[in-house]
Amino acid sequence: MAEPARAVIDARELVKSFQGNVAVGGMSLRLGEGEMVGLIGPNGAGKTTLFNLIAGSLKPTSGEIWIGGREVSQESPERRIGRGVGRTFQIPKPFLEMTVLENVLVGAQARDGERLFANFLRFGHVRQQERLAIEKARALLEFVTLSGLEGQPAKVLSGGQRKLLELARILMADPQAILLDEPAAGVNPALLETIMERVLDLNTQGKSILLIEHNMDMVSRLCTRVVAMALGKPLAEGTPADVASNPDVIEAYLGAAA
Ligand SMILES: Nc1ncnc2c1ncn2[C@@H]1O[C@H](COP(=O)(O)OP(=O)(O)OP(=O)(O)O)[C@@H](O)[C@H]1O
């Protein structure tokens with residue numbers, strides 16, 4: 001059997017409870033270098049909480065998170081961006097009055113904030129950095145097909161375009177691993193194709209991707225491996241077809257719908 005890919009993200013026995021309510025109750029998950037893994041499960045299974053633990057906006061009650069071979073459970077979200085983890089949200093919240101281009105530039109600050117401040121007195125250097133950042137933001141807007149809107153305020157964008165904008169923003173920090181939280185939700189079919197193509201491109205470029213998605217068609221098209229969770233725990237793992245037909249997974253979804 002082939003050696004498993006080196007883990008970019010390795011979540012070990014994670015537990016997170018909120019005032020005694022267990023949202024994640026012993027979840028382990030590895031994302032290998034260059035892998036694209038689907039994370040599915042009924043509403044309330046704990047998927048977004050798991051993302052929050054990996055990205056650092058929540059600290060685990062117990063368990064460990066390893067990123068690129070380092071234990072990072074107590075590190076801030078900013079440090080984890082610096083370590084190469086980018087994440088998107090179910091409902092993106094761009095700065096509505098800022099332009100599309102400015103919103104993408106915010107992603108450079110997320111990574112370089114401290115460094116830019118340290119360079120504050122070195123004007124020439126900062127100007128050069130700014131110029132490079134703007135060039136990069138423009139290239140990323142082209143990648144996500146939003147170039148024509150760079151000078152518009154973000155409030156004019158549709159829900160799907162906001163998801164593309166958010167993708168461009170997190171790419172400013174050159175993430176090695178990308179956590180996508182329901183990129184298909186509320187997106188019209190034409191833009192959904194664009195989002196899928198871009199996600200596939202990123203994976204082809206070597207980025208590791210963990211994808212929370214209820215749209216099984218999208219998961220089947222993009223992912224070779226799927227992890228299903230329910231009630232905060234792993235339930236099944238395998239190919240999209242195997243997991244979708246797994247009786248425990250079907251029962252978990254039916255139970256959640258009842
Ligand atoms: N900040 C919080 N305080 C209290 N309970 C929370 C908090 N965040 C999540 N929960 C609870 O944890 C459980 C898991 O929620 P989570 O949002 O992680 O599920 P999910 O699998 O992402 O669901 P969905 O598919 O609906 O987004 C739910 O019961 C939720 O109510």
# chains A, B, ... in the order shown; residues from 1 in each chain; ligands from 1
$ residues_near_ligand --ligand "ligand 1" --cutoff "10 Å" --atoms "only C-alpha atoms and all ligand atoms" --output "PyMOL selection string"
chain A and resi 16-24+39-53+58+90+181-182+212-214+229-232
$ closest_atom_pairs --of "region 51-159 of chain A" --to "region 187-192 of chain A" --cutoff "10 Å" --atoms "only C-alpha atoms" --output "CSV"
residue,atom,partner,partner_atom,distance
A:Thr145,CA,A:Leu191,CA,9.9
A:Ser158,CA,A:Val187,CA,8.5
A:Gly159,CA,A:Val187,CA,6.3
$ residues_around --residues "Cys223 (chain A)" --least-positions-apart "3" --cutoff "9 Å" --atoms "only C-alpha atoms" --output "PyMOL selection string"
chain A and resi 35-38+211+218-220+226+239-240
$ write_last_selection --atoms "N, CA and C atoms" --output "compact mmCIF listing (two decimals), in the first residue's frame"
# COMPACT_ATOMS: atom_id res chain seq x y z
N GLU A 35 -4.33 16.75 -0.68
CA GLU A 35 -5.61 16.03 -0.66
C GLU A 35 -6.80 16.99 -0.71
N MET A 36 -7.92 16.51 -1.22
CA MET A 36 -9.18 17.27 -1.10
C MET A 36 -10.19 16.32 -0.45
N VAL A 37 -10.59 16.67 0.76
CA VAL A 37 -11.44 15.79 1.57
C VAL A 37 -12.77 16.49 1.83
N GLY A 38 -13.85 15.75 1.66
CA GLY A 38 -15.18 16.27 1.96
C GLY A 38 -15.55 15.96 3.40
N LEU A 211 -13.43 20.35 2.71
CA LEU A 211 -14.65 20.96 2.17
C LEU A 211 -15.87 20.51 2.96
N MET A 218 -21.45 18.07 -5.62
CA MET A 218 -20.18 18.79 -5.57
C MET A 218 -19.11 17.95 -4.87
N VAL A 219 -19.48 17.36 -3.74
CA VAL A 219 -18.51 16.54 -2.99
C VAL A 219 -18.02 15.39 -3.87
N SER A 220 -18.95 14.73 -4.58
CA SER A 220 -18.56 13.58 -5.40
C SER A 220 -17.64 14.00 -6.54
N VAL A 226 -14.16 11.09 1.68
CA VAL A 226 -15.18 11.83 2.44
C VAL A 226 -15.21 11.31 3.87
N THR A 239 -14.86 6.53 0.01
CA THR A 239 -15.14 7.26 -1.23
C THR A 239 -16.51 7.92 -1.09
N PRO A 240 -16.77 8.96 -1.90
CA PRO A 240 -18.09 9.62 -1.81
C PRO A 240 -19.24 8.62 -1.96
$ residues_around --residues "Arg87 (chain A)" --least-positions-apart "5" --cutoff "6 Å" --atoms "only C-alpha atoms" --output "list in words"
Ile178, Leu179 and Leu180 of chain A
$ write_last_selection --atoms "C-alpha atoms" --output "tab-separated table (two decimals), in the first residue's frame"
chain	number	residue	atom	x	y	z
A	178	ILE	CA	-7.89	25.69	2.73
A	179	LEU	CA	-11.02	25.06	4.79
A	180	LEU	CA	-14.15	25.79	2.77
$ select_by_dssp --residues "region 7-248 of chain A" --states "strand (DSSP E or B)" --output "MDAnalysis selection string"
chainID A and resid 7:18 21:32 36:40 62:67 70:71 85:87 99 153 177:181 208:212 225:230 233:238
$ residues_around --residues "region 167-176 of chain A" --least-positions-apart "4" --cutoff "6 Å" --atoms "only C-alpha atoms" --output "JSON, numbers by chain"
{"A": [84, 85, 86, 104, 107, 108, 111, 140, 207]}
